[in-house]
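Structure file structure-v6.txt; described as compact mmCIF, C-alpha atoms.
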# COMPACT_ATOMS: atom_id res chain seq x y z
CA MET A 149 -74.75 -65.81 2.97
CA THR A 150 -75.60 -65.65 -0.70
CA SER A 151 -74.27 -68.26 -3.10
CA LEU A 152 -72.41 -67.43 -6.30
CA THR A 153 -75.51 -68.51 -8.19
CA ASP A 154 -77.64 -65.96 -6.31
CA ARG A 155 -75.12 -63.24 -7.07
CA TYR A 156 -74.99 -64.29 -10.72
CA LEU A 157 -78.77 -64.23 -11.05
CA ALA A 158 -78.99 -60.86 -9.27
CA ALA A 159 -76.47 -59.39 -11.73
CA THR A 160 -78.46 -60.79 -14.68
CA ARG A 161 -81.83 -59.61 -13.31
CA ARG A 162 -80.57 -56.04 -13.03
CA ALA A 163 -79.82 -55.92 -16.77
CA VAL A 164 -83.08 -57.31 -18.17
CA PRO A 165 -86.44 -55.47 -18.33
CA ALA A 166 -88.60 -55.77 -15.20
CA ALA A 167 -91.47 -57.43 -17.06
CA ARG A 168 -89.41 -60.51 -17.99
CA ARG A 169 -87.05 -60.47 -15.01
CA GLU A 170 -88.68 -63.16 -12.85
CA GLY A 171 -89.29 -65.62 -15.68
CA ILE A 172 -85.76 -65.36 -17.01
CA ALA A 173 -84.21 -65.63 -13.53
CA ALA A 174 -86.29 -68.71 -12.60
CA GLU A 175 -85.43 -70.42 -15.89
CA LEU A 176 -81.72 -69.60 -15.49
CA ARG A 177 -81.71 -70.89 -11.90
CA ALA A 178 -83.11 -74.22 -13.08
CA LEU A 179 -80.52 -74.31 -15.87
CA ILE A 180 -77.65 -73.61 -13.47
CA GLU A 181 -78.84 -76.29 -11.07
CA ASP A 182 -79.21 -78.80 -13.91
CA MET A 183 -75.72 -78.03 -15.15
CA ILE A 184 -74.27 -78.33 -11.64
CA ASP A 185 -76.10 -81.65 -11.14
CA ALA A 186 -74.63 -82.98 -14.38
CA ARG A 187 -71.13 -82.19 -13.08
CA THR A 188 -71.58 -83.46 -9.50
CA GLY A 189 -73.18 -86.60 -10.93
CA ALA A 190 -69.86 -87.20 -12.71
CA GLY A 191 -68.04 -86.97 -9.38
CA GLN A 192 -67.08 -83.29 -9.22
CA ASP A 193 -67.45 -81.38 -5.94
CA ALA A 194 -70.34 -78.89 -5.79
CA ALA A 195 -68.30 -75.73 -5.21
CA SER A 196 -65.99 -76.08 -8.22
CA ALA A 197 -68.91 -77.28 -10.37
CA GLU A 198 -70.82 -74.08 -9.55
CA ARG A 199 -67.83 -71.92 -10.44
CA GLU A 200 -67.33 -73.76 -13.75
CA VAL A 201 -70.99 -73.52 -14.73
CA LEU A 202 -71.18 -69.79 -14.04
CA ALA A 203 -67.91 -69.21 -15.90
CA GLU A 204 -69.35 -71.12 -18.85
CA LEU A 205 -72.48 -68.94 -18.89
CA GLY A 206 -70.18 -65.93 -18.94
CA ASP A 207 -70.52 -62.24 -18.13
CA PRO A 208 -74.10 -61.64 -16.84
CA GLU A 209 -74.21 -58.30 -18.67
CA ARG A 210 -73.54 -60.04 -21.98
CA LEU A 211 -76.03 -62.79 -21.23
CA ALA A 212 -78.68 -60.18 -20.39
CA ALA A 213 -77.82 -58.30 -23.60
CA ARG A 214 -78.58 -61.48 -25.56
CA TYR A 215 -81.99 -61.67 -23.93
CA THR A 216 -82.90 -58.04 -24.54
CA GLY A 217 -81.29 -57.68 -27.96
CA ARG A 218 -79.50 -54.63 -26.54
CA ARG A 219 -76.47 -53.75 -28.62
CA PRO A 220 -73.22 -54.18 -26.76
CA TYR A 221 -71.53 -51.44 -28.79
CA LEU A 222 -71.62 -47.64 -28.99
CA LEU A 223 -72.23 -47.16 -32.71
CA GLY A 224 -73.28 -49.85 -35.16
CA PRO A 225 -72.64 -50.19 -38.89
CA THR A 226 -75.82 -48.28 -39.78
CA TYR A 227 -74.61 -45.04 -38.26
CA TYR A 228 -70.83 -45.43 -38.17
CA PRO A 229 -70.04 -44.32 -41.78
CA ALA A 230 -72.13 -41.14 -41.38
CA TRP A 231 -70.51 -40.46 -37.98
CA GLU A 232 -67.03 -40.93 -39.42
CA ARG A 233 -67.70 -38.67 -42.42
CA LEU A 234 -69.17 -35.89 -40.27
CA VAL A 235 -66.42 -36.00 -37.64
CA THR A 236 -63.70 -36.05 -40.30
CA LEU A 237 -65.30 -33.13 -42.12
CA LEU A 238 -65.68 -31.02 -38.96
CA LEU A 239 -62.21 -31.86 -37.62
CA SER A 240 -60.63 -31.02 -40.96
CA PHE A 241 -61.22 -27.30 -40.57
CA VAL A 242 -63.11 -26.19 -37.45
CA PRO A 243 -60.40 -26.64 -34.76
CA LEU A 244 -57.73 -25.14 -37.03
CA THR A 245 -59.91 -22.13 -37.85
CA VAL A 246 -60.91 -21.48 -34.24
CA GLY A 247 -57.33 -21.99 -33.03
CA ALA A 248 -55.94 -19.58 -35.64
CA LEU A 249 -58.59 -16.95 -34.81
CA VAL A 250 -58.02 -17.23 -31.05
CA GLY A 251 -54.26 -17.09 -31.56
CA LEU A 252 -54.48 -14.04 -33.81
CA LEU A 253 -56.86 -12.22 -31.46
CA GLN A 254 -54.58 -12.93 -28.50
CA ALA A 255 -51.53 -11.81 -30.47
CA ALA A 256 -53.30 -8.60 -31.49
CA ASP A 257 -54.47 -7.97 -27.95
CA GLY A 258 -51.33 -8.52 -25.93
CA ASP A 259 -47.63 -8.63 -26.55
CA ASN A 260 -46.99 -12.27 -25.65
CA VAL A 261 -46.71 -14.07 -29.00
CA GLY A 262 -45.68 -17.40 -27.46
CA GLY A 263 -48.65 -17.31 -25.09
CA ALA A 264 -50.97 -16.48 -28.00
CA VAL A 265 -49.73 -19.54 -29.94
CA GLY A 266 -50.26 -21.68 -26.83
CA GLN A 267 -53.80 -20.37 -26.38
CA GLY A 268 -54.54 -21.00 -30.04
CA VAL A 269 -53.33 -24.60 -29.83
CA SER A 270 -55.26 -25.16 -26.60
CA ALA A 271 -58.44 -23.69 -28.10
CA ALA A 272 -58.08 -25.89 -31.21
CA PHE A 273 -57.65 -28.99 -29.02
CA GLN A 274 -60.67 -28.18 -26.88
CA VAL A 275 -62.83 -27.55 -29.93
CA ALA A 276 -61.72 -30.89 -31.42
CA VAL A 277 -62.61 -32.76 -28.21
CA GLN A 278 -65.99 -31.02 -28.02
CA ILE A 279 -66.79 -31.83 -31.66
CA VAL A 280 -66.02 -35.53 -31.22
CA PHE A 281 -67.95 -35.73 -27.94
CA TRP A 282 -71.14 -33.99 -29.09
CA VAL A 283 -71.31 -35.61 -32.52
CA THR A 284 -70.79 -39.03 -30.93
CA LEU A 285 -73.44 -38.36 -28.29
CA VAL A 286 -75.99 -37.38 -30.93
CA PHE A 287 -75.22 -40.50 -32.97
CA VAL A 288 -75.42 -42.77 -29.91
CA VAL A 289 -78.89 -41.37 -29.17
CA LEU A 290 -79.89 -41.90 -32.82
CA GLU A 291 -78.61 -45.49 -32.61
CA ARG A 292 -80.52 -46.22 -29.39
CA THR A 293 -83.76 -44.67 -30.69
CA ASN A 294 -83.39 -46.30 -34.13
CA THR A 295 -83.89 -42.95 -35.84
CA PRO A 296 -83.67 -43.23 -39.62
CA LEU A 297 -80.94 -40.95 -40.99
CA GLU A 298 -82.75 -40.06 -44.24
CA LEU A 299 -79.40 -39.53 -45.91
CA PRO A 300 -79.31 -39.60 -49.71
CA ALA A 301 -78.47 -43.12 -50.80
CA TRP A 302 -74.94 -43.78 -51.96
CA SER A 303 -74.55 -43.76 -55.73
CA VAL A 304 -71.74 -44.74 -58.08
CA ASP A 305 -71.31 -41.07 -59.02
CA GLN A 306 -69.82 -40.48 -55.56
CA LEU A 307 -66.83 -42.68 -56.34
CA PRO A 308 -63.66 -40.62 -56.05
CA ARG A 309 -61.64 -40.29 -59.22
CA VAL A 310 -58.51 -42.31 -59.46
CA PRO A 311 -55.76 -40.23 -61.04
CA VAL A 312 -53.59 -41.96 -63.62
CA GLU A 313 -50.59 -41.20 -61.48
CA ARG A 314 -50.67 -39.12 -58.34
CA GLN A 315 -48.22 -36.25 -58.85
CA ILE A 316 -49.26 -34.27 -55.82
CA GLY A 317 -48.49 -35.95 -52.52
CA LEU A 318 -50.10 -35.08 -49.21
CA ALA A 319 -46.73 -34.06 -47.74
CA ASP A 320 -46.11 -31.55 -50.56
CA THR A 321 -49.56 -30.05 -50.15
CA ALA A 322 -49.24 -29.85 -46.37
CA ALA A 323 -45.84 -28.17 -46.66
CA SER A 324 -47.14 -25.62 -49.19
CA VAL A 325 -50.24 -24.83 -47.16
CA ALA A 326 -48.16 -24.48 -43.98
CA PHE A 327 -45.78 -22.07 -45.74
CA LEU A 328 -48.67 -19.97 -47.09
CA ALA A 329 -50.28 -19.94 -43.63
CA LEU A 330 -47.01 -18.71 -42.12
CA VAL A 331 -46.86 -15.84 -44.64
CA ILE A 332 -50.52 -14.99 -43.97
CA VAL A 333 -49.82 -14.90 -40.23
CA PHE A 334 -46.60 -12.95 -40.76
CA LEU A 335 -48.35 -10.02 -42.46
CA PRO A 336 -50.44 -8.89 -39.43
CA LEU A 337 -47.77 -10.10 -36.99
CA GLN A 338 -44.97 -7.94 -38.44
CA HIS A 339 -47.26 -4.96 -37.87
CA LEU A 340 -47.79 -5.84 -34.21
CA ARG A 341 -44.48 -7.40 -33.22
CA SER A 342 -41.46 -6.99 -35.48
CA PHE A 343 -37.84 -7.32 -34.36
CA ALA A 344 -37.30 -3.58 -34.89
CA THR A 345 -38.14 -0.99 -32.28
CA THR A 346 -37.73 2.77 -32.02
CA ALA A 347 -35.36 4.35 -29.52
CA THR A 348 -38.25 4.56 -27.04
CA GLY A 349 -38.97 0.84 -27.45
CA ASP A 350 -42.12 1.19 -29.58
CA ASN A 351 -42.68 -1.48 -32.21
CA LEU A 352 -41.71 -0.61 -35.78
CA PRO A 353 -43.71 -2.46 -38.45
CA LEU A 354 -41.52 -3.76 -41.30
CA LEU A 355 -44.06 -2.92 -44.00
CA ASP A 356 -45.59 0.47 -44.57
CA PRO A 357 -48.71 0.69 -42.32
CA ALA A 358 -50.40 2.77 -45.07
CA LEU A 359 -50.58 -0.46 -47.11
CA TRP A 360 -53.28 -1.75 -44.74
CA GLY A 361 -55.60 0.61 -46.63
CA PHE A 362 -55.71 -1.78 -49.55
CA TRP A 363 -52.65 -3.74 -50.61
CA LEU A 364 -51.96 -5.88 -47.52
CA PRO A 365 -55.59 -7.12 -47.29
CA TRP A 366 -55.37 -7.78 -51.04
CA LEU A 367 -52.18 -9.84 -50.60
CA ILE A 368 -53.74 -11.81 -47.74
CA GLY A 369 -56.75 -12.53 -49.96
CA VAL A 370 -54.44 -13.70 -52.76
CA LEU A 371 -52.55 -15.97 -50.34
CA VAL A 372 -55.83 -17.50 -49.14
CA ALA A 373 -56.69 -18.13 -52.81
CA ALA A 374 -53.28 -19.81 -53.19
CA VAL A 375 -54.20 -22.15 -50.31
CA GLY A 376 -57.38 -22.95 -52.25
CA VAL A 377 -55.30 -23.77 -55.35
CA GLU A 378 -53.11 -26.13 -53.28
CA ILE A 379 -56.16 -27.97 -51.97
CA ALA A 380 -57.79 -28.16 -55.40
CA LYS A 381 -54.50 -29.48 -56.79
CA TYR A 382 -54.33 -32.17 -54.11
CA ARG A 383 -57.89 -33.23 -54.78
CA ALA A 384 -57.24 -33.45 -58.53
CA GLY A 385 -54.06 -35.43 -57.80
CA CYS A 386 -52.07 -33.70 -60.53
CA TRP A 387 -51.76 -30.44 -62.47
CA THR A 388 -54.64 -29.87 -64.87
CA TRP A 389 -54.83 -27.01 -67.40
CA PRO A 390 -57.56 -25.09 -65.49
CA LEU A 391 -55.39 -25.36 -62.36
CA VAL A 392 -52.37 -24.05 -64.29
CA GLY A 393 -54.46 -21.06 -65.43
CA VAL A 394 -55.80 -20.24 -61.96
CA ASN A 395 -52.34 -20.73 -60.42
CA ALA A 396 -50.80 -18.33 -62.95
CA MET A 397 -53.48 -15.72 -62.18
CA VAL A 398 -52.91 -16.08 -58.43
CA ASN A 399 -49.15 -15.80 -58.94
CA ALA A 400 -49.60 -12.64 -61.02
CA ALA A 401 -52.04 -11.16 -58.51
CA PHE A 402 -49.35 -11.58 -55.85
CA ALA A 403 -46.16 -10.77 -57.74
CA VAL A 404 -47.29 -7.72 -59.75
CA PRO A 405 -48.35 -5.58 -56.74
CA VAL A 406 -45.37 -6.73 -54.66
CA VAL A 407 -42.85 -5.87 -57.39
CA TRP A 408 -44.58 -2.58 -58.16
CA LEU A 409 -44.67 -1.59 -54.46
CA LEU A 410 -41.03 -2.57 -54.00
CA LEU A 411 -39.77 -0.68 -57.05
CA THR A 412 -41.75 2.48 -56.26
CA GLY A 413 -40.41 2.37 -52.70
CA ARG A 414 -43.79 1.97 -51.02
CA MET A 415 -43.32 -1.46 -49.52
CA LEU A 416 -41.13 -0.84 -46.49
CA ASN A 417 -42.12 1.28 -43.52
CA PRO A 418 -40.46 4.73 -43.99
CA GLU A 419 -40.06 4.94 -40.19
CA LEU A 420 -38.09 1.71 -40.25
CA VAL A 421 -35.86 2.95 -43.06
CA ARG A 422 -35.15 6.08 -41.05
CA HIS A 423 -34.25 4.08 -37.94
CA VAL A 424 -32.04 1.46 -39.58
CA ASP A 425 -28.84 3.24 -40.58
CA TRP A 426 -27.71 0.65 -43.09
CA LEU A 427 -30.92 0.98 -45.13
CA ALA A 428 -30.73 4.77 -45.19
CA ARG A 429 -27.15 4.74 -46.49
CA GLY A 430 -26.49 5.24 -50.25
CA ASP A 431 -28.26 2.90 -52.65
CA ASN A 432 -28.80 0.16 -50.08
CA LEU A 433 -32.56 0.58 -49.96
CA ASP A 434 -32.90 0.42 -53.76
CA ARG A 435 -30.59 -2.58 -53.90
CA VAL A 436 -32.66 -4.48 -51.31
CA ALA A 437 -35.88 -3.62 -53.16
CA THR A 438 -34.41 -4.77 -56.50
CA VAL A 439 -33.09 -8.06 -55.09
CA VAL A 440 -36.43 -8.89 -53.43
CA ALA A 441 -38.37 -7.88 -56.57
CA VAL A 442 -36.17 -10.03 -58.85
CA GLY A 443 -36.40 -12.91 -56.35
CA THR A 444 -40.20 -12.66 -56.32
CA VAL A 445 -40.40 -12.65 -60.13
CA LEU A 446 -38.03 -15.65 -60.40
CA VAL A 447 -39.95 -17.73 -57.84
CA VAL A 448 -43.31 -16.97 -59.46
CA LEU A 449 -42.01 -17.65 -62.99
CA TRP A 450 -40.39 -20.91 -61.92
CA ASP A 451 -43.62 -22.04 -60.21
CA THR A 452 -45.71 -21.20 -63.28
CA VAL A 453 -43.36 -22.86 -65.79
CA ASP A 454 -43.11 -25.92 -63.52
CA SER A 455 -46.91 -26.19 -63.39
CA VAL A 456 -47.11 -26.04 -67.21
CA VAL A 457 -44.46 -28.76 -67.60
CA ARG A 458 -46.14 -31.01 -65.05
CA ALA A 459 -49.60 -30.49 -66.58
CA TYR A 460 -48.14 -31.41 -69.98
CA ARG A 461 -46.61 -34.60 -68.53
CA SER A 462 -49.85 -35.70 -66.85
CA ARG A 463 -52.12 -35.20 -69.88
CA GLY A 464 -55.44 -36.95 -69.38
CA CYS A 465 -55.24 -36.95 -65.60
CA GLY A 466 -58.57 -36.14 -63.97
CA ALA A 467 -60.51 -37.11 -67.10
CA GLY A 468 -61.83 -40.15 -65.26
CA ARG A 469 -59.69 -42.61 -67.20
CA PRO A 470 -58.98 -45.68 -65.05
CA ALA A 471 -55.35 -46.36 -64.29
CA ALA A 472 -53.86 -48.69 -66.87
CA ASP A 473 -51.99 -51.41 -65.04
CA PRO A 474 -50.65 -53.96 -67.50
CA GLY A 475 -48.08 -55.20 -64.97
CA HIS A 476 -50.75 -56.97 -62.91
CA PRO A 477 -51.96 -60.33 -64.18
CA VAL A 478 -55.57 -61.06 -63.34
CA ASN A 479 -55.76 -63.75 -60.70
CA ASP A 480 -58.70 -66.04 -60.40
CA MET B 154 -52.93 -74.48 -44.12
CA VAL B 155 -56.08 -73.07 -42.54
CA SER B 156 -55.61 -71.73 -39.02
CA ASP B 157 -57.85 -73.02 -36.25
CA GLU B 158 -59.20 -69.51 -35.71
CA VAL B 159 -60.30 -69.11 -39.35
CA LEU B 160 -61.79 -72.61 -39.40
CA ARG B 161 -63.66 -71.95 -36.16
CA THR B 162 -65.23 -68.66 -37.35
CA HIS B 163 -66.32 -70.18 -40.69
CA LEU B 164 -67.83 -73.23 -39.04
CA GLN B 165 -69.60 -70.91 -36.60
CA GLU B 166 -71.02 -68.89 -39.52
CA LEU B 167 -72.14 -72.06 -41.27
CA ARG B 168 -73.78 -73.46 -38.14
CA ARG B 169 -75.46 -70.27 -36.94
CA GLY B 170 -78.78 -70.63 -38.75
CA THR B 171 -78.97 -74.41 -38.31
CA VAL B 172 -79.42 -74.11 -34.52
CA VAL B 173 -82.84 -72.50 -35.14
CA VAL B 174 -83.83 -75.25 -37.58
CA ALA B 175 -82.60 -78.00 -35.24
CA SER B 176 -84.41 -76.47 -32.26
CA LEU B 177 -87.71 -76.19 -34.18
CA VAL B 178 -87.39 -79.81 -35.30
CA ALA B 179 -86.42 -81.10 -31.83
CA LEU B 180 -89.20 -79.15 -30.08
CA ARG B 181 -91.87 -80.93 -32.06
CA ARG B 182 -91.47 -83.01 -28.91
CA PRO B 183 -91.93 -80.52 -26.00
CA ASP B 184 -88.88 -80.13 -23.77
CA TYR B 185 -87.13 -77.67 -21.44
CA GLY B 186 -83.98 -75.80 -22.35
CA TYR B 187 -81.28 -77.93 -20.75
CA ALA B 188 -82.77 -81.23 -22.01
CA LEU B 189 -83.04 -79.71 -25.49
CA LEU B 190 -79.39 -78.63 -25.27
CA GLN B 191 -78.34 -82.19 -24.44
CA ARG B 192 -80.47 -83.68 -27.22
CA LEU B 193 -79.04 -81.23 -29.76
CA ALA B 194 -75.48 -82.03 -28.61
CA ARG B 195 -76.13 -85.78 -28.99
CA HIS B 196 -77.28 -85.21 -32.57
CA GLY B 197 -74.25 -83.17 -33.55
CA PHE B 198 -75.50 -79.66 -32.79
CA PRO B 199 -73.28 -78.49 -29.94
CA VAL B 200 -74.65 -75.17 -28.68
CA GLU B 201 -73.80 -73.07 -25.62
CA ALA B 202 -76.48 -72.58 -22.97
CA ASN B 203 -75.92 -68.81 -23.04
CA THR B 204 -76.79 -68.85 -26.75
CA LEU B 205 -79.67 -71.35 -26.68
CA TYR B 206 -81.65 -69.86 -23.77
CA PRO B 207 -81.94 -66.33 -25.17
CA LEU B 208 -82.65 -67.88 -28.60
CA LEU B 209 -85.59 -69.86 -27.19
CA ARG B 210 -87.01 -66.65 -25.69
CA ARG B 211 -86.62 -64.84 -28.99
CA LEU B 212 -88.33 -67.61 -30.96
CA GLU B 213 -91.13 -67.56 -28.43
CA GLU B 214 -91.57 -63.80 -28.79
CA GLN B 215 -91.79 -64.32 -32.54
CA GLY B 216 -94.58 -66.86 -31.94
CA LEU B 217 -92.57 -69.75 -33.35
CA LEU B 218 -92.43 -71.54 -29.99
CA ALA B 219 -95.07 -71.89 -27.27
CA SER B 220 -94.12 -72.39 -23.65
CA GLU B 221 -95.54 -73.18 -20.24
CA TRP B 222 -94.14 -73.70 -16.76
CA ASN B 223 -93.95 -77.24 -15.48
CA THR B 224 -93.99 -77.13 -11.67
CA GLN B 225 -94.53 -80.83 -11.08
CA GLU B 226 -90.86 -81.76 -11.00
CA SER B 227 -88.24 -80.95 -8.36
CA ARG B 228 -87.43 -77.59 -9.92
CA PRO B 229 -89.75 -75.40 -12.05
CA ARG B 230 -88.99 -75.71 -15.74
CA ARG B 231 -90.16 -73.83 -18.76
CA ILE B 232 -91.30 -76.33 -21.39
CA TYR B 233 -91.09 -75.19 -25.03
CA ARG B 234 -92.75 -76.73 -28.06
CA THR B 235 -92.87 -75.76 -31.73
CA SER B 236 -96.07 -73.78 -32.44
CA GLU B 237 -98.15 -73.97 -35.61
CA SER B 238 -96.50 -70.94 -37.15
CA GLY B 239 -93.14 -72.36 -36.01
CA GLU B 240 -93.98 -75.54 -37.93
CA ALA B 241 -94.90 -73.51 -41.03
CA LEU B 242 -91.62 -71.58 -40.83
CA LEU B 243 -89.69 -74.79 -40.24
CA ARG B 244 -91.07 -76.35 -43.42
CA ARG B 245 -89.87 -73.32 -45.41
CA LEU B 246 -86.47 -73.47 -43.76
CA LEU B 247 -86.09 -77.20 -44.44
CA ASP B 248 -87.05 -76.67 -48.09
CA ASP B 249 -84.43 -73.97 -48.31
CA LEU B 250 -81.81 -76.12 -46.64
CA ALA B 251 -82.54 -78.89 -49.17
CA ALA B 252 -82.31 -76.34 -51.99
CA VAL B 253 -78.93 -75.18 -50.71
CA GLN B 254 -77.73 -78.76 -50.49
CA SER B 255 -78.84 -79.62 -54.04
CA SER B 256 -77.39 -76.37 -55.42
CA LEU B 257 -74.12 -77.19 -53.77
CA SER B 258 -74.18 -80.73 -55.16
CA GLY B 259 -74.83 -79.35 -58.64
CA LEU B 260 -71.96 -76.96 -58.25
CA ILE B 261 -69.59 -79.68 -57.05
CA GLU B 262 -70.51 -81.96 -59.95
CA GLY B 263 -70.25 -79.07 -62.42
CA ALA B 264 -66.82 -78.16 -61.13
CA ASP B 265 -65.55 -81.68 -61.89
CA GLN B 266 -66.33 -81.38 -65.58
How does this structure look as structure tokens?
Amino acid sequence: MTSLTDRYLAATRRAVPAARREGIAAELRALIEDMIDARTGAGQDAASAEREVLAELGDPERLAARYTGRRPYLLGPTYYPAWERLVTLLLSFVPLTVGALVGLLQAADGDNVGGAVGQGVSAAFQVAVQIVFWVTLVFVVLERTNTPLELPAWSVDQLPRVPVERQIGLADTAASVAFLALVIVFLPLQHLRSFATTATGDNLPLLDPALWGFWLPWLIGVLVAAVGVEIAKYRAGCWTWPLVGVNAMVNAAFAVPVVWLLLTGRMLNPELVRHVDWLARGDNLDRVATVVAVGTVLVVLWDTVDSVVRAYRSRGCGAGRPAADPGHPVND
Amino acid sequence: MVSDEVLRTHLQELRRGTVVVASLVALRRPDYGYALLQRLARHGFPVEANTLYPLLRRLEEQGLLASEWNTQESRPRRIYRTSESGEALLRRLLDDLAAVQSSLSGLIEGADQ
């Protein structure tokens, strides 16, 4: 029959280094007995006094940690900021990239688009879990071995700029990027799985497959550049003149080939036109091409003019000027 | 109105370093942990046993306390006393405590004007 005190000391002994185990245990035993004596001397019964004393000393693991100086946490303040920055950086693009690649490869391989999306999402999730696990493990080992990180010291130059007034919200940027990503995915997808099929059930791409020779890769490249503009815009917080210029170039690089291809009748798949009766009838094909071309020009022009107006309104943004805030009295 | 929780954490912060000073002063007269704990409590330094005991070990490892086992009494006890380097450190700490006190007094008087 072992007493609570014996069990408490055994639990503490396990968690302290062997070299100091006996000394610490003997000293703690004397302490516990002294504390129990103080309570029974005041008239308390021995059993409840023992329970109270051990409860007061607390969790043996924590007590042992105080003796050994072992840190009762996974990552301390020395390593946490670096861990957070690295995990955030990796999670910001790696799972999405891997998931998109896996999804696209699956979509190209088989004919189950829904399954491909599912596999992409699952791959992205697994990659995210792996990243967090391995990065954390490495940092925990660094923490336990007290390895210096040798990171460049923080300097005031790293302070993020505060825009005078944030024009570009995260929601806007996310929506724009999502839309561009959908278009980028649509271009290869319409080739593999469109709604149109031939009489024998074969898939009919919407766009002319000959365009894969140059123009469709070009358009995909331009759309990726447009994603870059969205991100740069978000980081700047508002439209700046260089951004307006780059945005106009990207718009032109997209709209000019699209309009030209539409108006010269090289955009749509000739097979598709032949199979869809309505398109082959009269001027319908030309009318569709004209409407889409005019629509494209209008959207691009509106976007460009809007960017100029907004850049004009936010003059000085991004120049590092601190936000003027006369509405706030200085409290002291 | 200051909440009890806020008050408690600030008092704890303020008291943290003084336990070391008080222990080094008290152990000019050799004593074992539990007796030291009771002496400190009587003089207005309430400290938990699970804080004081590991602290005594740490101070001993730093050479600020010396210790030996006393096996003459009913139960074996580890007797600590302030070592020479502990005494030297204590003098520096007491000087600093006095400096803090006088700085604070100066600040309080200055704030009145």
* Asked: Please, which residues of chain A lie no more than 6 Å from chain B when the count uses all atoms listed in the file, and can they be set out as an NGL selection string?
  -> :A and (205 or 214-215)
* **For CA of Thr226 (chain A) and CA of Pro243 (chain A), the interatomic separation in Å (one decimal)** => 27.0 Å
* Asked: Which distance in Å separates CA of Leu352 (chain A) and CA of Leu340 (chain A), to one decimal?
  ->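 Separation between CA of Leu352 (chain A) and CA of Leu340 (chain A): 8.2 Å.
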As a PDB file, in the frame of the given file, please: region 157-168 of chain B completed to N, CA and C atoms.
ATOM      1  N   ASP B 157     -56.706 -72.585 -37.052  1.00  0.00           N
ATOM      2  CA  ASP B 157     -57.850 -73.020 -36.250  1.00  0.00           C
ATOM      3  C   ASP B 157     -58.856 -71.896 -36.073  1.00  0.00           C
ATOM      4  N   GLU B 158     -58.329 -70.662 -35.935  1.00  0.00           N
ATOM      5  CA  GLU B 158     -59.200 -69.510 -35.710  1.00  0.00           C
ATOM      6  C   GLU B 158     -60.113 -69.273 -36.916  1.00  0.00           C
ATOM      7  N   VAL B 159     -59.513 -69.307 -38.116  1.00  0.00           N
ATOM      8  CA  VAL B 159     -60.300 -69.110 -39.350  1.00  0.00           C
ATOM      9  C   VAL B 159     -61.320 -70.225 -39.490  1.00  0.00           C
ATOM     10  N   LEU B 160     -60.888 -71.454 -39.294  1.00  0.00           N
ATOM     11  CA  LEU B 160     -61.790 -72.610 -39.400  1.00  0.00           C
ATOM     12  C   LEU B 160     -62.962 -72.447 -38.434  1.00  0.00           C
ATOM     13  N   ARG B 161     -62.632 -72.057 -37.201  1.00  0.00           N
ATOM     14  CA  ARG B 161     -63.660 -71.950 -36.160  1.00  0.00           C
ATOM     15  C   ARG B 161     -64.717 -70.905 -36.536  1.00  0.00           C
ATOM     16  N   THR B 162     -64.251 -69.717 -37.025  1.00  0.00           N
ATOM     17  CA  THR B 162     -65.230 -68.660 -37.350  1.00  0.00           C
ATOM     18  C   THR B 162     -66.099 -69.081 -38.525  1.00  0.00           C
ATOM     19  N   HIS B 163     -65.513 -69.785 -39.529  1.00  0.00           N
ATOM     20  CA  HIS B 163     -66.320 -70.180 -40.690  1.00  0.00           C
ATOM     21  C   HIS B 163     -67.331 -71.261 -40.310  1.00  0.00           C
ATOM     22  N   LEU B 164     -66.893 -72.206 -39.488  1.00  0.00           N
ATOM     23  CA  LEU B 164     -67.830 -73.230 -39.040  1.00  0.00           C
ATOM     24  C   LEU B 164     -68.967 -72.593 -38.245  1.00  0.00           C
ATOM     25  N   GLN B 165     -68.601 -71.612 -37.414  1.00  0.00           N
ATOM     26  CA  GLN B 165     -69.600 -70.910 -36.600  1.00  0.00           C
ATOM     27  C   GLN B 165     -70.636 -70.231 -37.504  1.00  0.00           C
ATOM     28  N   GLU B 166     -70.126 -69.553 -38.561  1.00  0.00           N
ATOM     29  CA  GLU B 166     -71.020 -68.890 -39.520  1.00  0.00           C
ATOM     30  C   GLU B 166     -71.962 -69.910 -40.165  1.00  0.00           C
ATOM     31  N   LEU B 167     -71.367 -71.037 -40.565  1.00  0.00           N
ATOM     32  CA  LEU B 167     -72.140 -72.060 -41.270  1.00  0.00           C
ATOM     33  C   LEU B 167     -73.210 -72.644 -40.357  1.00  0.00           C
ATOM     34  N   ARG B 168     -72.886 -72.788 -39.068  1.00  0.00           N
ATOM     35  CA  ARG B 168     -73.780 -73.460 -38.140  1.00  0.00           C
ATOM     36  C   ARG B 168     -74.865 -72.533 -37.571  1.00  0.00           C
TER      37      ARG B 168
END
